[in-house]
$ cat protein.cif   # mmCIF, N, CA and C atoms
data_coords
loop_
_atom_site.label_atom_id
_atom_site.label_comp_id
_atom_site.auth_asym_id
_atom_site.auth_seq_id
_atom_site.Cartn_x
_atom_site.Cartn_y
_atom_site.Cartn_z
N MET A 56 78.49 104.51 114.21
CA MET A 56 77.74 103.29 114.04
C MET A 56 76.32 103.65 113.68
N GLY A 57 75.82 103.04 112.63
CA GLY A 57 74.47 103.31 112.17
C GLY A 57 73.43 102.57 113.00
N LEU A 58 72.21 102.71 112.61
CA LEU A 58 71.10 102.10 113.32
C LEU A 58 71.19 100.57 113.28
N PHE A 59 71.69 100.03 112.19
CA PHE A 59 71.74 98.58 112.02
C PHE A 59 73.16 98.02 112.04
N GLY A 60 74.12 98.76 112.56
CA GLY A 60 75.50 98.28 112.64
C GLY A 60 76.43 99.20 111.89
N ARG A 61 77.68 98.78 111.82
CA ARG A 61 78.71 99.59 111.17
C ARG A 61 78.53 99.57 109.66
N ARG A 62 78.63 100.74 109.06
CA ARG A 62 78.54 100.83 107.60
C ARG A 62 79.87 100.45 106.98
N LYS A 63 79.82 99.80 105.85
CA LYS A 63 81.03 99.39 105.15
C LYS A 63 81.55 100.54 104.30
N SER A 64 82.87 100.64 104.22
CA SER A 64 83.47 101.66 103.37
C SER A 64 83.34 101.23 101.91
N ARG A 65 83.62 102.15 101.01
CA ARG A 65 83.55 101.83 99.58
C ARG A 65 84.52 100.72 99.22
N GLU A 66 85.72 100.75 99.83
CA GLU A 66 86.72 99.73 99.55
C GLU A 66 86.24 98.36 99.99
N GLU A 67 85.61 98.30 101.16
CA GLU A 67 85.09 97.02 101.66
C GLU A 67 83.97 96.50 100.77
N LYS A 68 83.10 97.40 100.34
CA LYS A 68 82.01 96.98 99.44
C LYS A 68 82.56 96.49 98.10
N ALA A 69 83.55 97.20 97.56
CA ALA A 69 84.15 96.81 96.28
C ALA A 69 84.86 95.46 96.40
N ALA A 70 85.57 95.24 97.50
CA ALA A 70 86.26 93.97 97.70
C ALA A 70 85.25 92.83 97.83
N GLU A 71 84.15 93.08 98.50
CA GLU A 71 83.10 92.06 98.65
C GLU A 71 82.49 91.71 97.30
N ILE A 72 82.20 92.72 96.49
CA ILE A 72 81.64 92.47 95.15
C ILE A 72 82.64 91.74 94.27
N ALA A 73 83.90 92.15 94.34
CA ALA A 73 84.94 91.47 93.54
C ALA A 73 85.06 90.00 93.94
N GLY A 74 84.97 89.73 95.24
CA GLY A 74 85.02 88.35 95.70
C GLY A 74 83.85 87.53 95.19
N LYS A 75 82.67 88.13 95.15
CA LYS A 75 81.49 87.42 94.65
C LYS A 75 81.60 87.19 93.14
N VAL A 76 82.14 88.17 92.43
CA VAL A 76 82.33 88.01 90.98
C VAL A 76 83.31 86.88 90.72
N ALA A 77 84.43 86.87 91.45
CA ALA A 77 85.45 85.85 91.24
C ALA A 77 84.94 84.45 91.55
N SER A 78 84.09 84.34 92.57
CA SER A 78 83.58 83.02 92.95
C SER A 78 82.35 82.62 92.14
N GLY A 79 81.75 83.58 91.44
CA GLY A 79 80.55 83.28 90.66
C GLY A 79 79.31 83.18 91.51
N LYS A 80 79.37 83.70 92.74
CA LYS A 80 78.24 83.63 93.67
C LYS A 80 77.58 84.98 93.79
N GLY A 81 76.37 84.99 94.26
CA GLY A 81 75.63 86.23 94.43
C GLY A 81 75.15 86.78 93.10
N PHE A 82 74.44 87.88 93.16
CA PHE A 82 73.88 88.48 91.94
C PHE A 82 74.97 88.87 90.95
N TYR A 83 76.01 89.57 91.45
CA TYR A 83 77.07 90.04 90.56
C TYR A 83 77.84 88.87 89.93
N GLY A 84 78.13 87.87 90.74
CA GLY A 84 78.88 86.72 90.23
C GLY A 84 78.11 85.93 89.19
N ARG A 85 76.84 85.67 89.46
CA ARG A 85 76.02 84.91 88.51
C ARG A 85 75.80 85.70 87.23
N THR A 86 75.58 87.01 87.36
CA THR A 86 75.38 87.85 86.18
C THR A 86 76.64 87.89 85.33
N THR A 87 77.79 88.07 85.97
CA THR A 87 79.05 88.11 85.23
C THR A 87 79.30 86.80 84.52
N ARG A 88 79.08 85.68 85.21
CA ARG A 88 79.30 84.37 84.60
C ARG A 88 78.33 84.14 83.44
N ALA A 89 77.09 84.65 83.55
CA ALA A 89 76.09 84.46 82.50
C ALA A 89 76.43 85.25 81.23
N PHE A 90 76.94 86.47 81.40
CA PHE A 90 77.20 87.32 80.25
C PHE A 90 78.57 87.08 79.60
N LEU A 91 79.51 86.57 80.37
CA LEU A 91 80.83 86.27 79.81
C LEU A 91 80.89 84.79 79.47
N GLY A 92 81.68 84.46 78.50
CA GLY A 92 81.91 83.05 78.21
C GLY A 92 82.82 82.45 79.26
N GLN A 93 82.96 81.13 79.24
CA GLN A 93 83.78 80.45 80.23
C GLN A 93 85.23 80.94 80.20
N GLU A 94 85.77 81.15 79.00
CA GLU A 94 87.16 81.59 78.87
C GLU A 94 87.34 83.00 79.45
N ASP A 95 86.42 83.91 79.12
CA ASP A 95 86.53 85.28 79.63
C ASP A 95 86.29 85.33 81.13
N PHE A 96 85.39 84.50 81.63
CA PHE A 96 85.14 84.47 83.07
C PHE A 96 86.39 83.98 83.80
N ALA A 97 87.10 83.02 83.22
CA ALA A 97 88.35 82.53 83.81
C ALA A 97 89.39 83.66 83.86
N LYS A 98 89.43 84.50 82.84
CA LYS A 98 90.36 85.63 82.83
C LYS A 98 90.01 86.63 83.94
N VAL A 99 88.72 86.86 84.14
CA VAL A 99 88.28 87.75 85.22
C VAL A 99 88.72 87.18 86.56
N GLN A 100 88.53 85.88 86.74
CA GLN A 100 88.94 85.24 87.98
C GLN A 100 90.44 85.36 88.21
N GLN A 101 91.24 85.19 87.14
CA GLN A 101 92.69 85.33 87.27
C GLN A 101 93.08 86.76 87.66
N SER A 102 92.43 87.73 87.04
CA SER A 102 92.76 89.13 87.35
C SER A 102 92.42 89.47 88.79
N ILE A 103 91.27 89.03 89.25
CA ILE A 103 90.88 89.30 90.63
C ILE A 103 91.81 88.56 91.59
N GLY A 104 92.21 87.35 91.23
CA GLY A 104 93.16 86.61 92.05
C GLY A 104 94.51 87.30 92.13
N ALA A 105 94.96 87.87 91.01
CA ALA A 105 96.23 88.60 91.00
C ALA A 105 96.13 89.85 91.87
N TYR A 106 95.00 90.55 91.80
CA TYR A 106 94.79 91.73 92.64
C TYR A 106 94.81 91.34 94.12
N ASN A 107 94.12 90.26 94.45
CA ASN A 107 94.06 89.82 95.84
C ASN A 107 95.43 89.39 96.36
N SER A 108 96.25 88.76 95.53
CA SER A 108 97.57 88.35 95.99
C SER A 108 98.44 89.59 96.27
N GLY A 109 98.30 90.63 95.47
CA GLY A 109 99.02 91.88 95.72
C GLY A 109 98.60 92.52 97.03
N ARG A 110 97.32 92.48 97.31
CA ARG A 110 96.80 93.02 98.57
C ARG A 110 97.31 92.19 99.75
N ASP A 111 97.34 90.87 99.58
CA ASP A 111 97.84 89.99 100.64
C ASP A 111 99.31 90.27 100.93
N VAL A 112 100.11 90.50 99.89
CA VAL A 112 101.53 90.79 100.08
C VAL A 112 101.70 92.07 100.89
N GLN A 113 100.92 93.09 100.59
CA GLN A 113 101.01 94.35 101.33
C GLN A 113 100.68 94.14 102.80
N GLN A 114 99.66 93.33 103.08
CA GLN A 114 99.29 93.05 104.46
C GLN A 114 100.38 92.27 105.18
N LEU A 115 100.95 91.28 104.50
CA LEU A 115 102.02 90.48 105.11
C LEU A 115 103.26 91.32 105.38
N LEU A 116 103.63 92.20 104.44
CA LEU A 116 104.78 93.08 104.66
C LEU A 116 104.54 94.02 105.84
N ALA A 117 103.30 94.50 105.98
CA ALA A 117 102.98 95.40 107.08
C ALA A 117 103.07 94.71 108.44
N THR A 118 102.84 93.40 108.46
CA THR A 118 102.93 92.66 109.72
C THR A 118 104.35 92.21 110.04
N GLY A 119 105.29 92.44 109.12
CA GLY A 119 106.69 92.12 109.38
C GLY A 119 107.12 90.73 108.98
N VAL A 120 106.41 90.09 108.05
CA VAL A 120 106.81 88.77 107.57
C VAL A 120 108.15 88.89 106.87
N PRO A 121 109.09 87.96 107.13
CA PRO A 121 110.41 88.06 106.49
C PRO A 121 110.34 87.84 104.98
N THR A 122 111.20 88.56 104.27
CA THR A 122 111.26 88.43 102.82
C THR A 122 112.45 87.55 102.45
N ILE A 123 112.38 86.98 101.25
CA ILE A 123 113.42 86.10 100.75
C ILE A 123 113.94 86.70 99.44
N PRO A 124 115.24 86.98 99.33
CA PRO A 124 115.76 87.53 98.07
C PRO A 124 115.83 86.46 96.99
N ALA A 125 115.63 86.86 95.75
CA ALA A 125 115.74 85.96 94.60
C ALA A 125 116.25 86.78 93.42
N VAL A 126 116.84 86.08 92.45
CA VAL A 126 117.37 86.74 91.25
C VAL A 126 116.49 86.36 90.07
N VAL A 127 116.15 87.36 89.24
CA VAL A 127 115.31 87.14 88.07
C VAL A 127 116.15 86.44 86.99
N VAL A 128 115.69 85.25 86.59
CA VAL A 128 116.36 84.50 85.52
C VAL A 128 115.77 84.90 84.17
N SER A 129 114.43 85.00 84.12
CA SER A 129 113.78 85.46 82.89
C SER A 129 112.44 86.08 83.24
N ILE A 130 111.95 86.90 82.33
CA ILE A 130 110.67 87.57 82.50
C ILE A 130 109.94 87.52 81.15
N GLY A 131 108.65 87.25 81.19
CA GLY A 131 107.86 87.19 79.97
C GLY A 131 106.53 87.91 80.16
N ASP A 132 106.07 88.56 79.12
CA ASP A 132 104.82 89.29 79.16
C ASP A 132 103.66 88.35 78.85
N THR A 133 102.58 88.45 79.65
CA THR A 133 101.39 87.63 79.41
C THR A 133 100.38 88.36 78.53
N GLY A 134 100.56 89.68 78.35
CA GLY A 134 99.61 90.46 77.58
C GLY A 134 98.42 90.94 78.40
N LYS A 135 98.40 90.61 79.69
CA LYS A 135 97.30 91.03 80.57
C LYS A 135 97.71 92.27 81.35
N LEU A 136 96.73 93.09 81.68
CA LEU A 136 96.93 94.27 82.51
C LEU A 136 95.92 94.26 83.64
N VAL A 137 96.34 94.68 84.84
CA VAL A 137 95.44 94.88 85.97
C VAL A 137 95.71 96.29 86.46
N ASN A 138 94.72 97.15 86.36
CA ASN A 138 94.88 98.57 86.69
C ASN A 138 96.06 99.19 85.94
N TYR A 139 96.20 98.86 84.69
CA TYR A 139 97.24 99.34 83.79
C TYR A 139 98.65 98.86 84.15
N ASP A 140 98.76 97.95 85.11
CA ASP A 140 100.05 97.34 85.43
C ASP A 140 100.11 95.97 84.78
N PRO A 141 101.26 95.60 84.20
CA PRO A 141 101.34 94.33 83.48
C PRO A 141 101.39 93.12 84.41
N VAL A 142 100.81 92.03 83.94
CA VAL A 142 100.94 90.73 84.59
C VAL A 142 102.03 90.00 83.81
N VAL A 143 103.07 89.54 84.52
CA VAL A 143 104.22 88.93 83.86
C VAL A 143 104.48 87.54 84.42
N ASP A 144 105.17 86.73 83.63
CA ASP A 144 105.68 85.44 84.07
C ASP A 144 107.14 85.64 84.47
N LEU A 145 107.45 85.35 85.72
CA LEU A 145 108.82 85.47 86.23
C LEU A 145 109.39 84.09 86.51
N VAL A 146 110.63 83.88 86.14
CA VAL A 146 111.38 82.69 86.55
C VAL A 146 112.48 83.22 87.46
N LEU A 147 112.50 82.72 88.71
CA LEU A 147 113.40 83.25 89.73
C LEU A 147 114.30 82.15 90.27
N GLN A 148 115.47 82.54 90.72
CA GLN A 148 116.45 81.62 91.32
C GLN A 148 116.72 82.09 92.74
N LEU A 149 116.48 81.21 93.72
CA LEU A 149 116.81 81.52 95.11
C LEU A 149 118.30 81.29 95.31
N PRO A 150 118.96 82.13 96.09
CA PRO A 150 120.40 81.93 96.34
C PRO A 150 120.63 80.59 97.05
N GLY A 151 121.57 79.82 96.53
CA GLY A 151 121.92 78.55 97.14
C GLY A 151 120.96 77.41 96.84
N ALA A 152 119.96 77.62 96.00
CA ALA A 152 119.01 76.57 95.65
C ALA A 152 119.19 76.20 94.18
N ALA A 153 119.00 74.93 93.89
CA ALA A 153 119.15 74.46 92.51
C ALA A 153 117.86 74.67 91.71
N ASP A 154 116.72 74.61 92.38
CA ASP A 154 115.44 74.73 91.70
C ASP A 154 115.11 76.19 91.40
N ARG A 155 114.40 76.37 90.30
CA ARG A 155 113.92 77.70 89.93
C ARG A 155 112.43 77.80 90.26
N ILE A 156 111.98 79.01 90.49
CA ILE A 156 110.59 79.27 90.85
C ILE A 156 109.93 80.04 89.71
N ALA A 157 108.76 79.58 89.28
CA ALA A 157 108.00 80.29 88.25
C ALA A 157 106.79 80.94 88.91
N LEU A 158 106.62 82.23 88.67
CA LEU A 158 105.50 83.00 89.22
C LEU A 158 104.81 83.78 88.12
N GLN A 159 103.51 83.95 88.25
CA GLN A 159 102.79 84.89 87.40
C GLN A 159 102.27 85.95 88.35
N THR A 160 102.68 87.20 88.15
CA THR A 160 102.38 88.24 89.10
C THR A 160 102.21 89.59 88.42
N ILE A 161 101.61 90.52 89.16
CA ILE A 161 101.49 91.91 88.70
C ILE A 161 102.75 92.64 89.13
N VAL A 162 103.32 93.43 88.23
CA VAL A 162 104.45 94.29 88.57
C VAL A 162 104.10 95.72 88.18
N SER A 163 104.67 96.66 88.89
CA SER A 163 104.44 98.05 88.56
C SER A 163 105.07 98.36 87.20
N LYS A 164 104.34 99.08 86.37
CA LYS A 164 104.91 99.41 85.05
C LYS A 164 106.09 100.36 85.17
N LEU A 165 106.25 100.99 86.33
CA LEU A 165 107.39 101.87 86.55
C LEU A 165 108.59 101.12 87.11
N ARG A 166 108.39 99.89 87.62
CA ARG A 166 109.46 99.13 88.26
C ARG A 166 109.45 97.69 87.77
N ILE A 167 109.46 97.48 86.48
CA ILE A 167 109.47 96.14 85.91
C ILE A 167 110.88 95.56 86.09
N PRO A 168 110.99 94.39 86.73
CA PRO A 168 112.32 93.81 86.93
C PRO A 168 112.91 93.31 85.62
N ARG A 169 114.22 93.31 85.55
CA ARG A 169 114.94 92.81 84.37
C ARG A 169 115.73 91.57 84.76
N THR A 170 116.15 90.82 83.77
CA THR A 170 116.97 89.64 84.02
C THR A 170 118.23 90.04 84.79
N GLY A 171 118.51 89.34 85.88
CA GLY A 171 119.66 89.64 86.72
C GLY A 171 119.33 90.51 87.92
N ASP A 172 118.17 91.15 87.95
CA ASP A 172 117.78 91.99 89.09
C ASP A 172 117.44 91.12 90.30
N GLN A 173 117.65 91.69 91.48
CA GLN A 173 117.24 91.01 92.71
C GLN A 173 115.86 91.50 93.10
N VAL A 174 114.98 90.57 93.44
CA VAL A 174 113.62 90.89 93.90
C VAL A 174 113.38 90.18 95.22
N LEU A 175 112.28 90.52 95.86
CA LEU A 175 111.94 89.92 97.14
C LEU A 175 110.70 89.03 97.00
N LEU A 176 110.70 87.94 97.74
CA LEU A 176 109.57 87.02 97.78
C LEU A 176 109.12 86.86 99.22
N ILE A 177 107.88 86.43 99.38
CA ILE A 177 107.33 86.09 100.69
C ILE A 177 106.76 84.69 100.57
N ALA A 178 106.99 83.85 101.57
CA ALA A 178 106.38 82.52 101.58
C ALA A 178 104.86 82.69 101.68
N ASP A 179 104.13 82.00 100.80
CA ASP A 179 102.68 82.11 100.75
C ASP A 179 102.07 81.29 101.88
N PRO A 180 101.41 81.95 102.86
CA PRO A 180 100.84 81.19 103.97
C PRO A 180 99.66 80.30 103.55
N ALA A 181 99.00 80.64 102.45
CA ALA A 181 97.86 79.86 101.99
C ALA A 181 98.29 78.60 101.23
N ARG A 182 99.49 78.63 100.64
CA ARG A 182 99.99 77.49 99.87
C ARG A 182 101.42 77.20 100.29
N PRO A 183 101.61 76.25 101.20
CA PRO A 183 102.97 75.93 101.65
C PRO A 183 103.86 75.52 100.48
N GLY A 184 105.08 76.04 100.48
CA GLY A 184 106.02 75.76 99.40
C GLY A 184 105.92 76.72 98.23
N ALA A 185 104.92 77.60 98.24
CA ALA A 185 104.74 78.59 97.17
C ALA A 185 105.18 79.97 97.68
N TYR A 186 105.41 80.86 96.73
CA TYR A 186 105.89 82.20 97.08
C TYR A 186 105.02 83.27 96.44
N LEU A 187 105.03 84.46 97.05
CA LEU A 187 104.37 85.64 96.51
C LEU A 187 105.44 86.69 96.19
N TYR A 188 105.26 87.40 95.09
CA TYR A 188 106.18 88.45 94.67
C TYR A 188 105.97 89.67 95.56
N ALA A 189 107.06 90.18 96.15
CA ALA A 189 106.97 91.32 97.05
C ALA A 189 107.71 92.55 96.52
N GLY A 190 108.02 92.59 95.25
CA GLY A 190 108.67 93.75 94.66
C GLY A 190 110.18 93.67 94.75
N ASP A 191 110.82 94.83 94.52
CA ASP A 191 112.28 94.86 94.50
C ASP A 191 112.87 95.40 95.80
N GLY A 192 112.04 95.74 96.76
CA GLY A 192 112.53 96.19 98.06
C GLY A 192 112.90 97.65 98.12
N VAL A 193 112.76 98.37 97.03
CA VAL A 193 113.07 99.79 97.01
C VAL A 193 111.82 100.54 97.44
N ALA A 194 111.95 101.41 98.42
CA ALA A 194 110.81 102.18 98.90
C ALA A 194 110.29 103.08 97.80
N THR A 195 108.98 103.09 97.62
CA THR A 195 108.39 103.92 96.57
C THR A 195 107.72 105.17 97.13
N ASP A 196 107.82 105.38 98.46
CA ASP A 196 107.23 106.58 99.04
C ASP A 196 108.04 107.79 98.66
N ARG A 197 107.33 108.88 98.41
CA ARG A 197 108.04 110.12 98.09
C ARG A 197 108.49 110.78 99.39
N PRO A 198 109.67 111.39 99.39
CA PRO A 198 110.15 112.04 100.61
C PRO A 198 109.27 113.26 100.94
N GLU A 199 109.13 113.49 102.23
CA GLU A 199 108.35 114.65 102.69
C GLU A 199 109.12 115.93 102.41
N ALA A 200 108.43 116.97 101.98
CA ALA A 200 109.08 118.24 101.68
C ALA A 200 109.05 119.16 102.86
#
$ encode --input "protein.cif" --output "structure tokens"
Amino acid sequence: MGLFGRRKSREEKAAEIAGKVASGKGFYGRTTRAFLGQEDFAKVQQSIGAYNSGRDVQQLLATGVPTIPAVVVSIGDTGKLVNYDPVVDLVLQLPGAADRIALQTIVSKLRIPRTGDQVLLIADPARPGAYLYAGDGVATDRPEA
């Protein structure tokens, strides 16, 4: 603990700055909004939102939130990348449900789902009735040697 309290890690500082940029508040947010046009600023906000939803999914999975299986009906490329991973439009079918779910999410470029694949969803606690993409359920950790 420092003289004036706990120091923030680099990750915490970066997340705080990203939040200010996305909201358009603070020095970084106002500067970004001033230099980018409205359309480009909206794209920045979408990218940061996609990153945050991925982080939220990881936290929810770590706390043991139940997952819901779904089948990919179609997948479309948006042309956007976040950390070199594609942002895609997914249309998903829940087993036993008549309605389809449309999501725009980041997927790993190494594990892009295909039509007919089973993926996992998590109920979004921030938006009742909405879902977050939780991947395909295959562990990506490398085995210990």
$ residues_around --input "protein.cif" --residues "Val120 in chain A" --least-positions-apart "3" --cutoff "8 Å" --atoms "all atoms listed in the file" --output "PDB file with N, CA and C atoms, keeping the file's coordinate frame"
ATOM      1  N   GLN A 114      99.660  93.330 103.080  1.00  0.00           N
ATOM      2  CA  GLN A 114      99.290  93.050 104.460  1.00  0.00           C
ATOM      3  C   GLN A 114     100.380  92.270 105.180  1.00  0.00           C
ATOM      4  N   LEU A 115     100.950  91.280 104.500  1.00  0.00           N
ATOM      5  CA  LEU A 115     102.020  90.480 105.110  1.00  0.00           C
ATOM      6  C   LEU A 115     103.260  91.320 105.380  1.00  0.00           C
ATOM      7  N   LEU A 116     103.630  92.200 104.440  1.00  0.00           N
ATOM      8  CA  LEU A 116     104.780  93.080 104.660  1.00  0.00           C
ATOM      9  C   LEU A 116     104.540  94.020 105.840  1.00  0.00           C
ATOM     10  N   ALA A 117     103.300  94.500 105.980  1.00  0.00           N
ATOM     11  CA  ALA A 117     102.980  95.400 107.080  1.00  0.00           C
ATOM     12  C   ALA A 117     103.070  94.710 108.440  1.00  0.00           C
ATOM     13  N   ILE A 123     112.380  86.980 101.250  1.00  0.00           N
ATOM     14  CA  ILE A 123     113.420  86.100 100.750  1.00  0.00           C
ATOM     15  C   ILE A 123     113.940  86.700  99.440  1.00  0.00           C
ATOM     16  N   LEU A 176     110.700  87.940  97.740  1.00  0.00           N
ATOM     17  CA  LEU A 176     109.570  87.020  97.780  1.00  0.00           C
ATOM     18  C   LEU A 176     109.120  86.860  99.220  1.00  0.00           C
ATOM     19  N   ILE A 177     107.880  86.430  99.380  1.00  0.00           N
ATOM     20  CA  ILE A 177     107.330  86.090 100.690  1.00  0.00           C
ATOM     21  C   ILE A 177     106.760  84.690 100.570  1.00  0.00           C
ATOM     22  N   ALA A 178     106.990  83.850 101.570  1.00  0.00           N
ATOM     23  CA  ALA A 178     106.380  82.520 101.580  1.00  0.00           C
ATOM     24  C   ALA A 178     104.860  82.690 101.680  1.00  0.00           C
TER      25      ALA A 178
END
$ resolve_selection --input "protein.cif" --expression "the PyMOL selection byres (((chain A and resi 131-141 and name CA) around 7) and name CA)" --output "list in words"
Ser102, Ser129, Ile130, Val142, Val143, Asp144, Leu145, Ile161, Val162, Ser163 and Lys164 of chain A
$ resolve_selection --input "protein.cif" --expression "the PyMOL selection byres ((chain A and resi 150) around 6)" --output "list of chain:residue names"
A:Pro124, A:Ala125, A:Val126, A:Gln148, A:Leu149, A:Gly151, A:Ala152
$ select_by_dssp --input "protein.cif" --residues "chain A" --states "alpha helix (DSSP H)" --output "PyMOL selection string"
chain A and resi 65-78+81-90+93-117
$ atom_distance --input "protein.cif" --atom1 "atom N of Ala153 in chain A" --atom2 "CA of Asp172 in chain A"
17.8 Å
$ select_by_dssp --input "protein.cif" --residues "range 109-190 of chain A" --states "strand (DSSP E)" --output "VMD selection string"
chain A and resid 123 to 137 140 to 148 155 to 161 173 to 178 186 to 188
$ resolve_selection --input "protein.cif" --expression "the PyMOL selection byres (((chain A and resi 76-89 and name CA) around 10) and name CA)" --output "list in words"
Ala70, Glu71, Ile72, Ala73, Gly74, Lys75, Phe90, Leu91, Gly92, Gln93, Asp95, Phe96, Ala97, Lys98, Val99, Gln100, Gln101, Ser102, Ile103 and Gly104 of chain A
$ atom_distance --input "protein.cif" --atom1 "CA of Leu165 in chain A" --atom2 "atom C of Leu147 in chain A"
21.2 Å
$ residues_near_point --input "protein.cif" --point "(121.6, 88.4, 81.7)" --cutoff "8 Å" --atoms "all atoms listed in the file" --output "ChimeraX atom specification"
/A:127-128,169-172
$ atom_distance --input "protein.cif" --atom1 "atom N of Tyr186 in chain A" --atom2 "CA of Thr118 in chain A"
17.7 Å
$ closest_residue --input "protein.cif" --among "A:Glu67, A:Gly119, A:Gly190, A:Glu94" --to "Arg166 in chain A" --atoms "only C-alpha atoms"
A:Gly190
